[in-house]
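Enquirer: The structure is given below, and queries will be raised subsequently.
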Amino acid sequence: MATKNTTRNFTDAFLRNPKIGTYADAATPGLRLRVGKTRKAFVYRYRDGDHLKQVTIGQYPGTPLEDARAQVRALRQARDSGKDVQREHHRAEEGEYTVKRLVDGYIDGYAKLIKRSWAEDKRMLENDLVGNEKNPNKWGDRPAIEITRVEVIGLLTEMVPRGERGAQLLLAAARKAWNFAIDHEHLSVNPFARLKIVKGVVMSAGTRVRVNKPKPRCLQGAEIKQFLFRLPTANMRPAIRDILRLQLLTASRKGEVCAIRWDEVDLDAGVWTLPAEKAKSGRLHRVMLSTQAQTLIEGQPRINEFLFGVKKRGHMRPDTVNEAVARCRDHFDLGHWTPHALRHSALTGLSKMGARREIQNRISNHADSSVGGRYDHNEFDDEARMWLQRWADHLDGLTVENVVPLERGA
């Protein structure tokens, strides 16, 4: 291997078969040839104060030796006149780097390899940024460096009336695409950086906006009874009805219930073990199953490895459950509620029955941040099982005549 910056008198005979390394041209100060395993590239290397800089001129033999020497002489003259030749060269390269090339590079070099939702990123970016037959007047053929922050804000503002969520997803995907281009030194500025959309307004990410979120919905008393009576006749798949019922029985999150695997359930022990990597809290969680929950699980058909399996997609998707509930709200006649309301309802019901807060935290897999919670390592498995069984028995009582009111525990 050649030593670094070995000086040679460049000739075509030498350039055709040099060893791997970096060579300096004796006849042209600043001209270097970098030789790798698969290509040979001419570069102009120079010192700017304390910094060593370089400009890539072209690959040999596509760029002939005399052309490379001529370009280096021109770059030296430009430097002598005070120009930042490296920056100007980069800007010329950026001008050829179109939005379409940027998006294609992001999809092929990152999204397809990392994101399960890469096809959705591709659809959004091509439809709203690059353009297609339906939307030809977009940015696809424009140099990516020309896209300004003002244009980005204008585009997102136009999108918001059609759907704020769609505008937010496009913003997130485009920001990643531009960052990918910056990481690979195609660009130096991201016009999508530090923007957010709040209440339909596109603004700087540093702008503080108070958003008053409504208190989560909670079904109580007669509302739970009405939910249980109308659930069996709701126009939704049996699996979705069982997901909602299991949520209410276990006070679990919808996404965690949808993704239960058969090998996570031990019906003999009456335990569903939620792995740490699937839990929102990041901690392994043992859900104590009441006899009613065990019966519900035993009744599920074995389609694949998931309790609520779907042949083509693995398991029931949480969004499918949301859509079914939204479609059947009039049937339940409970106003606006979501599947997550069932988790709130279960924990509120347990509180009314007298379950201590640490037992509620244990059942819901919430961390107790108090001093006592940090030092108390009791798992409360027996207590969690007892209270969830009481809760399940209470729910059963709501669907029969002469309902017994909630009784507070000791």
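By order of appearance in the structure tokens: chains A, B, ..., then residues from 1 within every chain, and ligands from 1 in the order shown.
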I want to know what sits within 8 Å of segment 336-353 of chain A, based on only C-alpha atoms, with residues of the same chain fewer than 5 positions away left out; could you give that as a short mmCIF file (atom, residue, chain, number, x, y, z; two decimals) with C-alpha atoms, in the first residue's frame?

Expert:
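Contents of result05.cif, as written:
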```
data_model
loop_
_atom_site.label_atom_id
_atom_site.label_comp_id
_atom_site.auth_asym_id
_atom_site.auth_seq_id
_atom_site.Cartn_x
_atom_site.Cartn_y
_atom_site.Cartn_z
CA PRO A 216 -60.17 10.89 30.16
CA ARG A 217 -63.67 9.39 29.94
CA CYS A 218 -64.63 6.91 32.62
CA LEU A 219 -67.72 4.69 32.65
CA GLN A 220 -69.24 4.34 36.08
CA LEU A 244 -62.92 -4.81 25.23
CA GLN A 247 -59.58 -4.72 29.04
CA LEU A 248 -62.35 -4.11 31.56
CA LEU A 249 -61.58 -7.32 33.49
CA THR A 250 -57.81 -6.69 33.77
CA ALA A 251 -57.53 -2.86 33.62
CA SER A 252 -54.97 -3.37 30.82
CA ARG A 253 -54.05 -1.18 27.88
CA LYS A 254 -55.75 -1.88 24.57
CA VAL A 321 -60.61 -1.73 17.76
CA ASN A 322 -60.84 2.08 17.81
CA VAL A 325 -65.95 1.43 18.86
CA ALA A 326 -66.39 4.66 16.90
CA ARG A 329 -71.10 4.51 19.67
CA GLN A 360 -54.15 -0.19 41.93
CA SER A 364 -52.17 -1.04 36.28
CA TRP A 387 -59.20 -7.58 43.88
CA TRP A 391 -64.06 -6.77 40.29
CA LEU A 406 -70.25 -2.09 45.34
CA GLU A 407 -68.90 -3.14 48.73
CA ARG A 408 -65.83 -1.51 50.16
CA GLY A 409 -63.13 -3.93 51.22
#
```

Enquirer: Give me, as a Markdown table, the closest atom pair and its distance (Å, one decimal) for every residue of segment 318-402 of chain A within a cut-off of 12 Å of segment 261-281 of chain A, counting only C-alpha atoms, rows sorted by chain and rising number.

Expert:
```
| residue | atom | partner | partner_atom | distance |
| --- | --- | --- | --- | --- |
| A:Asn361 | CA | A:Ser281 | CA | 11.7 |
| A:Arg362 | CA | A:Ser281 | CA | 11.9 |
| A:Ile363 | CA | A:Trp272 | CA | 12.0 |
| A:Ser364 | CA | A:Ser281 | CA | 10.0 |
| A:Asn365 | CA | A:Ser281 | CA | 7.0 |
| A:His366 | CA | A:Ser281 | CA | 7.1 |
| A:Ala367 | CA | A:Ser281 | CA | 7.9 |
| A:Asp368 | CA | A:Ser281 | CA | 11.7 |
| A:Asp381 | CA | A:Val271 | CA | 10.0 |
| A:Asp382 | CA | A:Val271 | CA | 11.5 |
| A:Ala384 | CA | A:Val271 | CA | 11.1 |
| A:Arg385 | CA | A:Gly270 | CA | 9.0 |
| A:Met386 | CA | A:Gly270 | CA | 12.0 |
| A:Leu388 | CA | A:Gly270 | CA | 11.6 |
| A:Gln389 | CA | A:Gly270 | CA | 11.1 |
```

Enquirer: Record the distance separating atom CA of Lys196 of chain A and atom CA of Gln168 of chain A, expressed in Å with one decimal.

Expert: 7.5 Å

Enquirer: Can you list, as a ChimeraX atom specification, every residue of segment 140-222 of chain A that DSSP puts in alpha helix (DSSP H)?

Expert: /A:149-159,164-183,222

Enquirer: Selected residues, N, CA and C atoms, written as a short mmCIF file (atom, residue, chain, number, x, y, z; two decimals), in the first residue's frame, please.

Expert:
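To be explicit, this is the file written out as selection-v7.cif:
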```cif
data_model
loop_
_atom_site.label_atom_id
_atom_site.label_comp_id
_atom_site.auth_asym_id
_atom_site.auth_seq_id
_atom_site.Cartn_x
_atom_site.Cartn_y
_atom_site.Cartn_z
N ARG A 149 -37.83 27.46 4.49
CA ARG A 149 -38.69 27.26 5.66
C ARG A 149 -40.06 27.90 5.44
N VAL A 150 -40.09 29.05 4.76
CA VAL A 150 -41.36 29.73 4.48
C VAL A 150 -42.25 28.85 3.61
N GLU A 151 -41.66 28.19 2.61
CA GLU A 151 -42.42 27.30 1.74
C GLU A 151 -42.96 26.09 2.52
N VAL A 152 -42.12 25.57 3.41
CA VAL A 152 -42.54 24.41 4.21
C VAL A 152 -43.74 24.78 5.09
N ILE A 153 -43.66 25.94 5.75
CA ILE A 153 -44.76 26.38 6.61
C ILE A 153 -46.02 26.58 5.77
N GLY A 154 -45.87 27.14 4.57
CA GLY A 154 -47.02 27.33 3.70
C GLY A 154 -47.66 26.02 3.28
N LEU A 155 -46.82 25.02 2.93
CA LEU A 155 -47.34 23.71 2.54
C LEU A 155 -48.11 23.06 3.68
N LEU A 156 -47.52 23.05 4.88
CA LEU A 156 -48.18 22.42 6.02
C LEU A 156 -49.46 23.15 6.39
N THR A 157 -49.45 24.48 6.30
CA THR A 157 -50.64 25.26 6.62
C THR A 157 -51.78 24.93 5.66
N GLU A 158 -51.46 24.72 4.40
CA GLU A 158 -52.48 24.33 3.42
C GLU A 158 -53.03 22.94 3.71
N MET A 159 -52.20 22.07 4.25
CA MET A 159 -52.62 20.69 4.52
C MET A 159 -53.51 20.57 5.75
N GLU A 164 -55.24 17.60 10.30
CA GLU A 164 -54.05 18.00 11.05
C GLU A 164 -53.11 16.82 11.28
N ARG A 165 -53.69 15.65 11.52
CA ARG A 165 -52.85 14.48 11.76
C ARG A 165 -52.00 14.14 10.54
N GLY A 166 -52.59 14.24 9.34
CA GLY A 166 -51.84 13.98 8.13
C GLY A 166 -50.68 14.96 7.95
N ALA A 167 -50.92 16.24 8.27
CA ALA A 167 -49.86 17.24 8.19
C ALA A 167 -48.74 16.94 9.18
N GLN A 168 -49.10 16.49 10.38
CA GLN A 168 -48.08 16.15 11.38
C GLN A 168 -47.24 14.96 10.93
N LEU A 169 -47.88 13.96 10.34
CA LEU A 169 -47.14 12.78 9.87
C LEU A 169 -46.20 13.15 8.72
N LEU A 170 -46.64 14.02 7.81
CA LEU A 170 -45.78 14.47 6.72
C LEU A 170 -44.59 15.24 7.27
N LEU A 171 -44.84 16.11 8.23
CA LEU A 171 -43.76 16.89 8.85
C LEU A 171 -42.71 15.96 9.44
N ALA A 172 -43.15 14.92 10.16
CA ALA A 172 -42.21 13.99 10.80
C ALA A 172 -41.40 13.23 9.75
N ALA A 173 -42.07 12.75 8.69
CA ALA A 173 -41.38 11.98 7.66
C ALA A 173 -40.39 12.86 6.89
N ALA A 174 -40.80 14.07 6.51
CA ALA A 174 -39.92 14.97 5.76
C ALA A 174 -38.73 15.39 6.61
N ARG A 175 -38.96 15.63 7.90
CA ARG A 175 -37.84 16.00 8.77
C ARG A 175 -36.79 14.89 8.80
N LYS A 176 -37.23 13.65 8.90
CA LYS A 176 -36.29 12.52 8.89
C LYS A 176 -35.57 12.41 7.56
N ALA A 177 -36.29 12.61 6.46
CA ALA A 177 -35.68 12.51 5.14
C ALA A 177 -34.59 13.55 4.96
N TRP A 178 -34.86 14.79 5.36
CA TRP A 178 -33.84 15.85 5.23
C TRP A 178 -32.67 15.58 6.17
N ASN A 179 -32.94 15.09 7.38
CA ASN A 179 -31.84 14.77 8.30
C ASN A 179 -30.96 13.66 7.73
N PHE A 180 -31.58 12.69 7.06
CA PHE A 180 -30.81 11.62 6.44
C PHE A 180 -29.89 12.20 5.36
N ALA A 181 -30.40 13.16 4.58
CA ALA A 181 -29.57 13.79 3.55
C ALA A 181 -28.43 14.58 4.17
N ILE A 182 -28.69 15.25 5.29
CA ILE A 182 -27.63 16.00 5.98
C ILE A 182 -26.57 15.05 6.53
N ASP A 183 -27.02 13.94 7.12
CA ASP A 183 -26.06 12.96 7.66
C ASP A 183 -25.12 12.43 6.57
N ALA A 222 -74.20 2.86 36.32
CA ALA A 222 -75.17 2.44 35.31
C ALA A 222 -74.56 2.41 33.91
#
```

Enquirer: Hey, what's within 6 Å of segment 198-213 of chain A if we count only C-alpha atoms and toss same-chain stuff fewer than 3 positions away? As a ChimeraX atom specification, please?

Expert: /A:160,194-195

Enquirer: Would you pick out the contacts of segment 237-242 of chain A at 8 Å or less, using only C-alpha atoms, so that residues sharing its chain but fewer than 5 positions from it are not included, and give the list as a VMD selection string?

Expert: chain A and resid 231 to 232 296 300 308 321 324

Enquirer: Kindly save the residues from that selection, with N, CA and C atoms included, as a short mmCIF file (atom, residue, chain, number, x, y, z; two decimals), in the first residue's frame.

Expert:
```
data_model
loop_
_atom_site.label_atom_id
_atom_site.label_comp_id
_atom_site.auth_asym_id
_atom_site.auth_seq_id
_atom_site.Cartn_x
_atom_site.Cartn_y
_atom_site.Cartn_z
N LEU A 231 -72.90 -4.79 24.77
CA LEU A 231 -71.71 -5.30 24.10
C LEU A 231 -71.99 -6.55 23.26
N PRO A 232 -72.73 -7.55 23.76
CA PRO A 232 -72.94 -8.77 22.96
C PRO A 232 -73.63 -8.53 21.63
N LEU A 296 -62.72 -16.49 29.27
CA LEU A 296 -62.73 -15.74 28.02
C LEU A 296 -61.53 -16.15 27.15
N GLN A 300 -61.00 -18.54 23.04
CA GLN A 300 -60.51 -17.96 21.78
C GLN A 300 -60.04 -19.04 20.82
N PHE A 308 -55.50 -13.05 20.01
CA PHE A 308 -56.46 -12.43 19.10
C PHE A 308 -55.83 -12.36 17.72
N VAL A 321 -59.73 -1.79 16.59
CA VAL A 321 -60.61 -1.73 17.76
C VAL A 321 -61.20 -0.33 17.90
N ALA A 324 -63.94 0.18 15.36
CA ALA A 324 -65.17 -0.55 15.68
C ALA A 324 -65.96 0.18 16.77
#
```

Enquirer: Work out how far atom CA of Lys225 of chain A is from atom CA of Met316 of chain A, in Å to one decimal.

Expert: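 About the pair atom CA of Met316 of chain A and atom CA of Lys225 of chain A: they are 25.8 Å apart.
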
Enquirer: Hey, what's within 8 Å of Arg69 of chain A if we count only C-alpha atoms and toss same-chain stuff fewer than 4 positions away? As a list in words, please?

Expert: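 Counting only the stated atoms, we get Thr28, Leu31, Leu65 and Arg73 of chain A.
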
Enquirer: Put those residues in a file: N, CA and C atoms, as a compact mmCIF listing (two decimals), in the first residue's frame.

Expert:
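The result, written out as result32.txt:
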```txt
# COMPACT_ATOMS: atom_id res chain seq x y z
N THR A 28 1.31 19.64 -10.26
CA THR A 28 0.18 20.52 -9.94
C THR A 28 -0.03 20.56 -8.44
N LEU A 31 -3.25 18.99 -6.20
CA LEU A 31 -3.97 17.89 -6.83
C LEU A 31 -3.58 16.58 -6.18
N LEU A 65 -6.83 13.42 -16.80
CA LEU A 65 -5.80 14.06 -16.00
C LEU A 65 -5.69 15.55 -16.30
N ARG A 73 -6.14 24.33 -11.07
CA ARG A 73 -5.57 25.67 -11.30
C ARG A 73 -6.67 26.74 -11.17
```

Enquirer: If you count only C-alpha atoms, which residues fall within 12 Å of Leu15 of chain A, apart from same-chain ones fewer than 2 positions away, as a PyMOL selection string?

Expert: chain A and resi 8-13+17-20+22-25+32-35+39-42+59-61+63-65
